[in-house]
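Novice: Handing you a structure now.
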Amino acid sequence: MDTTGHTVTITINKNQYQAVEGEILLEVARREKIDIPHLCYESSLSPYGACRLCMVEVVTCGKTEMTTACTVRVHRGLEILTDTPDVIRHRKILLELYLAEAPHSDVIKAMAIRYGVTKTRFLKKIVTGDPLLGRCVLCGLCVRVCNEIMGAGAIGFVNRGPYTIVSTPFLEENPACMGCGTCAAVCPTHAIGIEDTGEKRIMRSWSGTPVEMIRCAGCGGYIGPKPVMEYARSRIDPVMAEELQELCPACRRKQVTR
Amino acid sequence: MDEKRLDEIISRYDYPSGRILGILRDIQVSEGYIEKDLLRLLAEKIEVPVSRLYGLVTFYSFFSLQPVGRHIITLCMGTPCHVKGARTILATLEDLLGIKGEEESGKYFATTADNQFTVVIARCFGACSMSPVIQIDGNLYGYVTPEKIPEILAGYGWHP
């Protein structure tokens, strides 16, 4: 949150709230415990508006306009309605579409039930052998964090339209993947599978890409993927890189307190 | 395609952003397809993740990742052509050329064993008034019926 901005008063569902000018509306709503369902919002990335679930109505001069709460920036006198019949109808249709797109996602099912949506009129995706377990909603968060935050670009969208999937190039193991697991951490529907087998980490969803793990210099336990360690070393000050030890949190604590 | 030729194609585009599609297009036009290793090499040269290039190549039906035959037959599968029997035309082509294409990823692609013909599907040529239409090496054929196909193909060296 930008603390240098002006504090402004905004109206959400007829109630007044304080917020910082330029703040993202969805952030304000989350802070004030106003429920706006959302899947693709991630504060460390730029606003994107992919999942369309956070649709709200903005009131200007008595007229309302639908827009996504994750792309609206707060300004003086902003007036928002989050639960109008139009908004709810919109969310219900979207949830039905998501039930068809990701039929195995418990997150989607739970969200849909809250809106009374238990069935979908749309053709459910056939998901036998899907590396994303029939849970992917194609929001693109994993692709964006891999590109924009990790700088690896290991995964991307493949094909188009109803055939679109997220995967590695040529659907083959990709050495560009560092095995950091950021993709799995941000995935709103827990679609990305990672398996740690000891000396290797297997990225099940990314064509089974194997990533080498490093051991703790103290106790010998596996602590993390080797490429991530190498990446970290290359990014920090050389003196610090030298001091950087490959220790697990427990061994590090022991060493510090000694 | 060798590395020198690839460098030449890249050098045609000096503007770093927005050149990717141009480069891919030039490779597709000159080779008829985009080879896997070439795509990897290109990614390295222009410093773009392979995943991004692969995404573009699989997105546009214009690009092909497999080698194509001498003649390219593009069958229109737009709504009017579909209604006017494009499915039957496709079945006839498959029958006559002895091929079976896959449409799993949304792209239809099939090449004959002798590498003479490749059949692909397009969504609309904008020639709906002449539907169903097929295009062979840039020549358009309208009002196609299964009976007319052997004659059309014969013009490109096909014989039963």
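Identifiers in the structure tokens: chain A, B, ... in order shown; residue index from 1 per chain; ligand index from 1 in order shown.
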For segment 11-13 of chain A, please output as a list in words all residues within 7 Å (counting only C-alpha atoms; exclusion window: fewer than 4 positions along the same chain).

Specialist: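 Skipping anything fewer than 4 positions along the chain leaves Tyr17, Leu78, Glu79, Ile80, Leu81 and Thr82 of chain A.
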
Novice: Go ahead and write the selection's residues with all heavy atoms as a tab-separated table (two decimals), in the first residue's frame.

Specialist:
```tsv
chain	number	residue	atom	x	y	z
A	17	TYR	N	-15.96	4.06	3.62
A	17	TYR	CA	-14.67	3.48	4.04
A	17	TYR	C	-13.55	4.44	3.69
A	17	TYR	O	-13.66	5.21	2.74
A	17	TYR	CB	-14.44	2.14	3.33
A	17	TYR	CG	-15.48	1.09	3.65
A	17	TYR	CD1	-16.57	0.90	2.81
A	17	TYR	CD2	-15.36	0.31	4.79
A	17	TYR	CE1	-17.53	-0.05	3.10
A	17	TYR	CE2	-16.32	-0.66	5.10
A	17	TYR	CZ	-17.40	-0.83	4.25
A	17	TYR	OH	-18.33	-1.77	4.54
A	78	LEU	N	-15.59	7.63	-4.95
A	78	LEU	CA	-15.91	6.41	-5.70
A	78	LEU	C	-17.06	5.67	-5.02
A	78	LEU	O	-17.06	5.50	-3.80
A	78	LEU	CB	-14.67	5.51	-5.76
A	78	LEU	CG	-14.81	4.20	-6.55
A	78	LEU	CD1	-14.92	4.47	-8.04
A	78	LEU	CD2	-13.63	3.28	-6.28
A	79	GLU	N	-18.04	5.29	-5.81
A	79	GLU	CA	-19.18	4.57	-5.23
A	79	GLU	C	-19.33	3.21	-5.91
A	79	GLU	O	-19.39	3.13	-7.13
A	79	GLU	CB	-20.46	5.41	-5.40
A	79	GLU	CG	-21.56	4.90	-4.49
A	79	GLU	CD	-22.88	5.64	-4.69
A	79	GLU	OE1	-22.87	6.79	-5.16
A	79	GLU	OE2	-23.92	5.02	-4.41
A	80	ILE	N	-19.40	2.17	-5.08
A	80	ILE	CA	-19.37	0.79	-5.60
A	80	ILE	C	-20.53	-0.01	-5.02
A	80	ILE	O	-20.88	0.14	-3.85
A	80	ILE	CB	-18.04	0.10	-5.17
A	80	ILE	CG1	-16.83	0.82	-5.76
A	80	ILE	CG2	-18.02	-1.38	-5.55
A	80	ILE	CD1	-16.67	0.68	-7.24
A	81	LEU	N	-21.10	-0.86	-5.84
A	81	LEU	CA	-22.08	-1.83	-5.35
A	81	LEU	C	-21.54	-3.21	-5.69
A	81	LEU	O	-21.14	-3.47	-6.82
A	81	LEU	CB	-23.43	-1.60	-6.04
A	81	LEU	CG	-24.11	-0.25	-5.74
A	81	LEU	CD1	-25.25	-0.01	-6.70
A	81	LEU	CD2	-24.59	-0.17	-4.30
A	82	THR	N	-21.50	-4.09	-4.70
A	82	THR	CA	-20.88	-5.40	-4.96
A	82	THR	C	-21.87	-6.56	-5.06
A	82	THR	O	-21.49	-7.65	-5.45
A	82	THR	CB	-19.86	-5.76	-3.85
A	82	THR	OG1	-20.57	-5.99	-2.64
A	82	THR	CG2	-18.83	-4.68	-3.65
```

Novice: With a distance cut-off of 7 Å and only C-alpha atoms, select the neighbouring residues of segment 73-82 of chain B, excluding the residue or stretch itself and same-chain residues fewer than 5 positions from it, and output the selection as a PDB file with all heavy atoms, in the first residue's frame.

Specialist:
```
ATOM      1  N   ARG B  87     -17.401 -31.370 -44.595  1.00  0.00           N
ATOM      2  CA  ARG B  87     -17.029 -32.641 -43.945  1.00  0.00           C
ATOM      3  C   ARG B  87     -16.892 -33.767 -44.977  1.00  0.00           C
ATOM      4  O   ARG B  87     -15.975 -34.573 -44.895  1.00  0.00           O
ATOM      5  CB  ARG B  87     -18.086 -33.042 -42.907  1.00  0.00           C
ATOM      6  CG  ARG B  87     -17.986 -32.287 -41.622  1.00  0.00           C
ATOM      7  CD  ARG B  87     -17.087 -33.004 -40.610  1.00  0.00           C
ATOM      8  NE  ARG B  87     -16.675 -32.046 -39.589  1.00  0.00           N
ATOM      9  CZ  ARG B  87     -15.476 -31.990 -39.036  1.00  0.00           C
ATOM     10  NH1 ARG B  87     -14.545 -32.855 -39.378  1.00  0.00           N
ATOM     11  NH2 ARG B  87     -15.184 -31.082 -38.143  1.00  0.00           N
ATOM     12  N   PHE B 117       1.235 -34.148 -50.877  1.00  0.00           N
ATOM     13  CA  PHE B 117       0.123 -33.289 -50.449  1.00  0.00           C
ATOM     14  C   PHE B 117       0.026 -33.180 -48.936  1.00  0.00           C
ATOM     15  O   PHE B 117       0.255 -34.142 -48.223  1.00  0.00           O
ATOM     16  CB  PHE B 117      -1.208 -33.856 -50.976  1.00  0.00           C
ATOM     17  CG  PHE B 117      -1.336 -33.814 -52.461  1.00  0.00           C
ATOM     18  CD1 PHE B 117      -1.024 -34.938 -53.231  1.00  0.00           C
ATOM     19  CD2 PHE B 117      -1.760 -32.653 -53.100  1.00  0.00           C
ATOM     20  CE1 PHE B 117      -1.135 -34.910 -54.605  1.00  0.00           C
ATOM     21  CE2 PHE B 117      -1.871 -32.617 -54.479  1.00  0.00           C
ATOM     22  CZ  PHE B 117      -1.568 -33.748 -55.243  1.00  0.00           C
ATOM     23  N   THR B 118      -0.300 -31.951 -48.495  1.00  0.00           N
ATOM     24  CA  THR B 118      -0.625 -31.737 -47.085  1.00  0.00           C
ATOM     25  C   THR B 118      -2.022 -31.138 -47.041  1.00  0.00           C
ATOM     26  O   THR B 118      -2.317 -30.214 -47.808  1.00  0.00           O
ATOM     27  CB  THR B 118       0.387 -30.789 -46.430  1.00  0.00           C
ATOM     28  OG1 THR B 118       1.624 -31.459 -46.296  1.00  0.00           O
ATOM     29  CG2 THR B 118      -0.084 -30.356 -45.034  1.00  0.00           C
ATOM     30  N   VAL B 119      -2.865 -31.674 -46.200  1.00  0.00           N
ATOM     31  CA  VAL B 119      -4.209 -31.123 -46.048  1.00  0.00           C
ATOM     32  C   VAL B 119      -4.302 -30.412 -44.705  1.00  0.00           C
ATOM     33  O   VAL B 119      -3.955 -30.978 -43.677  1.00  0.00           O
ATOM     34  CB  VAL B 119      -5.286 -32.231 -46.141  1.00  0.00           C
ATOM     35  CG1 VAL B 119      -6.689 -31.641 -45.934  1.00  0.00           C
ATOM     36  CG2 VAL B 119      -5.207 -32.945 -47.481  1.00  0.00           C
ATOM     37  N   VAL B 120      -4.732 -29.160 -44.759  1.00  0.00           N
ATOM     38  CA  VAL B 120      -4.972 -28.410 -43.521  1.00  0.00           C
ATOM     39  C   VAL B 120      -6.365 -27.783 -43.598  1.00  0.00           C
ATOM     40  O   VAL B 120      -6.962 -27.720 -44.669  1.00  0.00           O
ATOM     41  CB  VAL B 120      -3.917 -27.309 -43.258  1.00  0.00           C
ATOM     42  CG1 VAL B 120      -2.583 -27.896 -42.912  1.00  0.00           C
ATOM     43  CG2 VAL B 120      -3.817 -26.363 -44.429  1.00  0.00           C
ATOM     44  N   ILE B 121      -6.846 -27.338 -42.448  1.00  0.00           N
ATOM     45  CA  ILE B 121      -8.179 -26.735 -42.408  1.00  0.00           C
ATOM     46  C   ILE B 121      -8.068 -25.263 -42.044  1.00  0.00           C
ATOM     47  O   ILE B 121      -7.277 -24.887 -41.188  1.00  0.00           O
ATOM     48  CB  ILE B 121      -9.057 -27.497 -41.386  1.00  0.00           C
ATOM     49  CG1 ILE B 121      -9.549 -28.794 -42.021  1.00  0.00           C
ATOM     50  CG2 ILE B 121     -10.227 -26.651 -40.911  1.00  0.00           C
ATOM     51  CD1 ILE B 121     -10.360 -29.650 -41.090  1.00  0.00           C
ATOM     52  N   ALA B 122      -8.864 -24.431 -42.732  1.00  0.00           N
ATOM     53  CA  ALA B 122      -8.928 -23.015 -42.384  1.00  0.00           C
ATOM     54  C   ALA B 122     -10.345 -22.724 -41.919  1.00  0.00           C
ATOM     55  O   ALA B 122     -11.262 -23.509 -42.168  1.00  0.00           O
ATOM     56  CB  ALA B 122      -8.587 -22.166 -43.592  1.00  0.00           C
ATOM     57  N   ARG B 123     -10.517 -21.625 -41.237  1.00  0.00           N
ATOM     58  CA  ARG B 123     -11.852 -21.331 -40.713  1.00  0.00           C
ATOM     59  C   ARG B 123     -12.723 -20.569 -41.696  1.00  0.00           C
ATOM     60  O   ARG B 123     -13.905 -20.798 -41.767  1.00  0.00           O
ATOM     61  CB  ARG B 123     -11.751 -20.597 -39.380  1.00  0.00           C
ATOM     62  CG  ARG B 123     -11.320 -21.516 -38.242  1.00  0.00           C
ATOM     63  CD  ARG B 123     -12.219 -22.730 -38.106  1.00  0.00           C
ATOM     64  NE  ARG B 123     -11.517 -23.799 -37.381  1.00  0.00           N
ATOM     65  CZ  ARG B 123     -11.927 -25.053 -37.320  1.00  0.00           C
ATOM     66  NH1 ARG B 123     -13.010 -25.450 -37.951  1.00  0.00           N
ATOM     67  NH2 ARG B 123     -11.250 -25.947 -36.662  1.00  0.00           N
ATOM     68  N   CYS B 124     -12.188 -19.644 -42.429  1.00  0.00           N
ATOM     69  CA  CYS B 124     -12.988 -18.985 -43.476  1.00  0.00           C
ATOM     70  C   CYS B 124     -12.068 -18.269 -44.445  1.00  0.00           C
ATOM     71  O   CYS B 124     -11.139 -17.590 -44.047  1.00  0.00           O
ATOM     72  CB  CYS B 124     -13.978 -17.988 -42.879  1.00  0.00           C
ATOM     73  SG  CYS B 124     -15.129 -17.347 -44.125  1.00  0.00           S
ATOM     74  N   PHE B 125     -12.329 -18.424 -45.743  1.00  0.00           N
ATOM     75  CA  PHE B 125     -11.553 -17.719 -46.760  1.00  0.00           C
ATOM     76  C   PHE B 125     -12.211 -16.394 -47.124  1.00  0.00           C
ATOM     77  O   PHE B 125     -11.657 -15.588 -47.836  1.00  0.00           O
ATOM     78  CB  PHE B 125     -11.475 -18.544 -48.052  1.00  0.00           C
ATOM     79  CG  PHE B 125     -10.668 -19.802 -47.938  1.00  0.00           C
ATOM     80  CD1 PHE B 125     -10.854 -20.831 -48.853  1.00  0.00           C
ATOM     81  CD2 PHE B 125      -9.708 -19.942 -46.959  1.00  0.00           C
ATOM     82  CE1 PHE B 125     -10.103 -21.993 -48.774  1.00  0.00           C
ATOM     83  CE2 PHE B 125      -8.945 -21.098 -46.870  1.00  0.00           C
ATOM     84  CZ  PHE B 125      -9.151 -22.121 -47.775  1.00  0.00           C
ATOM     85  N   CYS B 128     -17.467 -17.275 -49.113  1.00  0.00           N
ATOM     86  CA  CYS B 128     -18.611 -18.089 -48.717  1.00  0.00           C
ATOM     87  C   CYS B 128     -19.634 -18.265 -49.840  1.00  0.00           C
ATOM     88  O   CYS B 128     -20.349 -19.267 -49.888  1.00  0.00           O
ATOM     89  CB  CYS B 128     -19.291 -17.475 -47.499  1.00  0.00           C
ATOM     90  SG  CYS B 128     -18.132 -17.041 -46.205  1.00  0.00           S
ATOM     91  N   SER B 131     -19.152 -21.470 -51.582  1.00  0.00           N
ATOM     92  CA  SER B 131     -18.920 -22.610 -50.692  1.00  0.00           C
ATOM     93  C   SER B 131     -19.481 -23.915 -51.265  1.00  0.00           C
ATOM     94  O   SER B 131     -20.467 -23.882 -51.988  1.00  0.00           O
ATOM     95  CB  SER B 131     -19.538 -22.329 -49.320  1.00  0.00           C
ATOM     96  OG  SER B 131     -20.933 -22.208 -49.467  1.00  0.00           O
ATOM     97  N   PRO B 132     -18.884 -25.061 -50.957  1.00  0.00           N
ATOM     98  CA  PRO B 132     -17.653 -25.190 -50.172  1.00  0.00           C
ATOM     99  C   PRO B 132     -16.410 -24.934 -51.018  1.00  0.00           C
ATOM    100  O   PRO B 132     -16.398 -25.278 -52.196  1.00  0.00           O
ATOM    101  CB  PRO B 132     -17.696 -26.657 -49.721  1.00  0.00           C
ATOM    102  CG  PRO B 132     -18.493 -27.360 -50.768  1.00  0.00           C
ATOM    103  CD  PRO B 132     -19.456 -26.368 -51.340  1.00  0.00           C
ATOM    104  N   VAL B 133     -15.403 -24.316 -50.385  1.00  0.00           N
ATOM    105  CA  VAL B 133     -14.202 -23.980 -51.140  1.00  0.00           C
ATOM    106  C   VAL B 133     -12.971 -24.716 -50.619  1.00  0.00           C
ATOM    107  O   VAL B 133     -12.871 -25.007 -49.434  1.00  0.00           O
ATOM    108  CB  VAL B 133     -13.898 -22.463 -51.119  1.00  0.00           C
ATOM    109  CG1 VAL B 133     -14.835 -21.707 -52.026  1.00  0.00           C
ATOM    110  CG2 VAL B 133     -13.940 -21.901 -49.721  1.00  0.00           C
ATOM    111  N   ILE B 134     -12.057 -25.013 -51.539  1.00  0.00           N
ATOM    112  CA  ILE B 134     -10.727 -25.485 -51.136  1.00  0.00           C
ATOM    113  C   ILE B 134      -9.703 -24.637 -51.880  1.00  0.00           C
ATOM    114  O   ILE B 134     -10.021 -24.004 -52.907  1.00  0.00           O
ATOM    115  CB  ILE B 134     -10.487 -26.994 -51.413  1.00  0.00           C
ATOM    116  CG1 ILE B 134     -10.541 -27.320 -52.903  1.00  0.00           C
ATOM    117  CG2 ILE B 134     -11.435 -27.864 -50.626  1.00  0.00           C
ATOM    118  CD1 ILE B 134     -10.068 -28.737 -53.218  1.00  0.00           C
ATOM    119  N   GLN B 135      -8.501 -24.615 -51.336  1.00  0.00           N
ATOM    120  CA  GLN B 135      -7.440 -23.830 -51.940  1.00  0.00           C
ATOM    121  C   GLN B 135      -6.240 -24.756 -52.066  1.00  0.00           C
ATOM    122  O   GLN B 135      -5.893 -25.443 -51.117  1.00  0.00           O
ATOM    123  CB  GLN B 135      -7.114 -22.667 -51.007  1.00  0.00           C
ATOM    124  CG  GLN B 135      -6.272 -21.593 -51.643  1.00  0.00           C
ATOM    125  CD  GLN B 135      -5.925 -20.499 -50.648  1.00  0.00           C
ATOM    126  OE1 GLN B 135      -5.592 -20.784 -49.505  1.00  0.00           O
ATOM    127  NE2 GLN B 135      -5.997 -19.256 -51.066  1.00  0.00           N
ATOM    128  N   ILE B 136      -5.650 -24.798 -53.280  1.00  0.00           N
ATOM    129  CA  ILE B 136      -4.436 -25.604 -53.440  1.00  0.00           C
ATOM    130  C   ILE B 136      -3.334 -24.684 -53.928  1.00  0.00           C
ATOM    131  O   ILE B 136      -3.470 -24.049 -54.985  1.00  0.00           O
ATOM    132  CB  ILE B 136      -4.651 -26.784 -54.422  1.00  0.00           C
ATOM    133  CG1 ILE B 136      -5.860 -27.631 -53.982  1.00  0.00           C
ATOM    134  CG2 ILE B 136      -3.386 -27.640 -54.505  1.00  0.00           C
ATOM    135  CD1 ILE B 136      -6.157 -28.818 -54.867  1.00  0.00           C
ATOM    136  N   ASP B 137      -2.265 -24.589 -53.170  1.00  0.00           N
ATOM    137  CA  ASP B 137      -1.121 -23.715 -53.472  1.00  0.00           C
ATOM    138  C   ASP B 137      -1.565 -22.312 -53.876  1.00  0.00           C
ATOM    139  O   ASP B 137      -1.040 -21.722 -54.817  1.00  0.00           O
ATOM    140  CB  ASP B 137      -0.264 -24.313 -54.606  1.00  0.00           C
ATOM    141  CG  ASP B 137       0.323 -25.655 -54.209  1.00  0.00           C
ATOM    142  OD1 ASP B 137       0.314 -25.973 -53.003  1.00  0.00           O
ATOM    143  OD2 ASP B 137       0.773 -26.379 -55.111  1.00  0.00           O
TER     144      ASP B 137
END
```

Novice: Counting only C-alpha atoms, which residue out of B:Ala113, B:Gly138, B:Thr92, B:Phe63 sits closest to Tyr33 of chain B?

Specialist: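 Selected residue with least distance to Tyr33 of chain B: B:Phe63.
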
Novice: Give me, as JSON, numbers by chain, the contact residues of chain B against chain A at a cut-off of 6 Å, counting only C-alpha atoms.

Specialist: {"B": [49, 51, 52, 54, 55, 58, 59, 105]}

Novice: Keeping only N, CA, C and O atoms, take the residues you just selected and write them out as a PDB file, in the first residue's frame.

Specialist:
```
ATOM      1  N   PRO B  49      11.651 -16.333 -24.228  1.00  0.00           N
ATOM      2  CA  PRO B  49      11.495 -17.727 -23.799  1.00  0.00           C
ATOM      3  C   PRO B  49      10.877 -18.605 -24.896  1.00  0.00           C
ATOM      4  O   PRO B  49      10.005 -18.140 -25.638  1.00  0.00           O
ATOM      5  N   SER B  51       8.888 -20.885 -24.505  1.00  0.00           N
ATOM      6  CA  SER B  51       7.470 -21.088 -24.203  1.00  0.00           C
ATOM      7  C   SER B  51       6.602 -20.045 -24.903  1.00  0.00           C
ATOM      8  O   SER B  51       5.505 -20.340 -25.368  1.00  0.00           O
ATOM      9  N   ARG B  52       7.136 -18.826 -25.005  1.00  0.00           N
ATOM     10  CA  ARG B  52       6.376 -17.750 -25.649  1.00  0.00           C
ATOM     11  C   ARG B  52       6.256 -18.002 -27.155  1.00  0.00           C
ATOM     12  O   ARG B  52       5.185 -17.870 -27.746  1.00  0.00           O
ATOM     13  N   TYR B  54       6.564 -20.893 -28.684  1.00  0.00           N
ATOM     14  CA  TYR B  54       5.743 -22.093 -28.892  1.00  0.00           C
ATOM     15  C   TYR B  54       4.255 -21.747 -28.770  1.00  0.00           C
ATOM     16  O   TYR B  54       3.429 -22.241 -29.530  1.00  0.00           O
ATOM     17  N   GLY B  55       3.947 -20.874 -27.814  1.00  0.00           N
ATOM     18  CA  GLY B  55       2.575 -20.427 -27.645  1.00  0.00           C
ATOM     19  C   GLY B  55       2.058 -19.731 -28.898  1.00  0.00           C
ATOM     20  O   GLY B  55       0.948 -20.002 -29.362  1.00  0.00           O
ATOM     21  N   THR B  58       1.615 -22.268 -31.849  1.00  0.00           N
ATOM     22  CA  THR B  58       0.449 -23.150 -31.730  1.00  0.00           C
ATOM     23  C   THR B  58      -0.860 -22.352 -31.770  1.00  0.00           C
ATOM     24  O   THR B  58      -1.909 -22.902 -32.023  1.00  0.00           O
ATOM     25  N   PHE B  59      -0.772 -21.043 -31.512  1.00  0.00           N
ATOM     26  CA  PHE B  59      -1.982 -20.212 -31.524  1.00  0.00           C
ATOM     27  C   PHE B  59      -2.460 -19.956 -32.953  1.00  0.00           C
ATOM     28  O   PHE B  59      -3.622 -20.168 -33.279  1.00  0.00           O
ATOM     29  N   SER B 105      -5.563 -30.915 -31.178  1.00  0.00           N
ATOM     30  CA  SER B 105      -5.157 -29.636 -30.612  1.00  0.00           C
ATOM     31  C   SER B 105      -5.893 -28.474 -31.263  1.00  0.00           C
ATOM     32  O   SER B 105      -5.553 -27.330 -31.052  1.00  0.00           O
TER      33      SER B 105
END
```

Novice: What's the 10 Å shell around Gly98 of chain B, counting only C-alpha atoms, without same-chain residues fewer than 2 positions away, as a ChimeraX atom specification?

Specialist: /B:92-96,100,110-113

Novice: I'd like to know which of B:Ser11, B:Asn115, B:Gln28, B:Ser129 is closest to Lys84 of chain B, using only C-alpha atoms.

Specialist: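 Closest candidate: B:Ser129.
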
Novice: Could you check which of B:Glu47, B:Ala86, B:Leu42, B:Ile99 is closest to Leu24 of chain B, using only C-alpha atoms?

Specialist: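 Closest to Leu24 of chain B of all the choices is B:Leu42.
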
Novice: List every residue of chain B that DSSP, applied to the backbone of this structure, places in alpha helix (DSSP H), and write the result as a ChimeraX atom specification.

Specialist: /B:3-11,20-31,36-46,50-59,79-83,86-97,149-154

Novice: Keeping C-alpha atoms, export the residues of the selection given above as a CSV table (one decimal), in the first residue's frame.

Specialist:
```
chain,number,residue,atom,x,y,z
B,3,GLU,CA,22.0,-20.4,-38.7
B,4,LYS,CA,23.3,-17.9,-41.3
B,5,ARG,CA,19.9,-17.8,-43.0
B,6,LEU,CA,18.2,-17.4,-39.6
B,7,ASP,CA,20.5,-14.5,-38.7
B,8,GLU,CA,19.6,-12.9,-42.0
B,9,ILE,CA,15.9,-13.2,-41.3
B,10,ILE,CA,16.3,-11.7,-37.8
B,11,SER,CA,18.4,-8.8,-39.3
B,20,ILE,CA,8.6,-12.0,-33.3
B,21,LEU,CA,5.6,-12.7,-35.6
B,22,GLY,CA,7.5,-11.2,-38.6
B,23,ILE,CA,10.4,-13.5,-38.0
B,24,LEU,CA,8.2,-16.6,-37.5
B,25,ARG,CA,6.2,-15.7,-40.6
B,26,ASP,CA,9.4,-15.4,-42.7
B,27,ILE,CA,10.6,-18.8,-41.5
B,28,GLN,CA,7.2,-20.4,-42.2
B,29,VAL,CA,7.1,-18.9,-45.7
B,30,SER,CA,10.6,-20.0,-46.6
B,31,GLU,CA,10.6,-23.5,-45.0
B,36,LYS,CA,11.7,-27.6,-33.3
B,37,ASP,CA,15.4,-27.0,-33.0
B,38,LEU,CA,15.1,-23.8,-35.1
B,39,LEU,CA,12.5,-22.4,-32.8
B,40,ARG,CA,14.8,-23.1,-29.8
B,41,LEU,CA,17.7,-21.4,-31.6
B,42,LEU,CA,15.6,-18.4,-32.5
B,43,ALA,CA,14.5,-18.1,-28.9
B,44,GLU,CA,18.1,-18.0,-27.8
B,45,LYS,CA,19.0,-15.5,-30.4
B,46,ILE,CA,16.2,-13.0,-29.8
B,50,VAL,CA,10.8,-20.8,-26.0
B,51,SER,CA,7.5,-21.1,-24.2
B,52,ARG,CA,6.4,-17.8,-25.6
B,53,LEU,CA,7.4,-18.7,-29.2
B,54,TYR,CA,5.7,-22.1,-28.9
B,55,GLY,CA,2.6,-20.4,-27.6
B,56,LEU,CA,2.5,-18.1,-30.7
B,57,VAL,CA,3.2,-20.9,-33.2
B,58,THR,CA,0.4,-23.2,-31.7
B,59,PHE,CA,-2.0,-20.2,-31.5
B,79,THR,CA,-19.9,-22.2,-41.1
B,80,PRO,CA,-21.2,-21.8,-44.7
B,81,CYS,CA,-18.7,-24.4,-46.1
B,82,HIS,CA,-19.5,-26.7,-43.2
B,83,VAL,CA,-23.2,-26.5,-44.0
B,86,ALA,CA,-17.1,-29.5,-46.2
B,87,ARG,CA,-17.0,-32.6,-43.9
B,88,THR,CA,-17.8,-34.8,-47.0
B,89,ILE,CA,-15.1,-33.0,-49.0
B,90,LEU,CA,-12.6,-33.7,-46.2
B,91,ALA,CA,-13.6,-37.4,-46.0
B,92,THR,CA,-13.2,-37.6,-49.8
B,93,LEU,CA,-9.7,-36.0,-49.6
B,94,GLU,CA,-8.7,-38.4,-46.8
B,95,ASP,CA,-10.0,-41.3,-48.8
B,96,LEU,CA,-8.3,-40.4,-52.1
B,97,LEU,CA,-5.0,-39.4,-50.6
B,149,ILE,CA,-12.0,-33.6,-56.4
B,150,PRO,CA,-10.1,-36.3,-58.5
B,151,GLU,CA,-10.0,-34.0,-61.4
B,152,ILE,CA,-8.7,-31.0,-59.4
B,153,LEU,CA,-6.1,-33.2,-57.7
B,154,ALA,CA,-5.0,-34.6,-61.1
```

Novice: I need the residues in chain B that are strand (DSSP E) according to DSSP; give them as a ChimeraX atom specification.

Specialist: /B:71-76,109-111,117-122,134-136,139-141
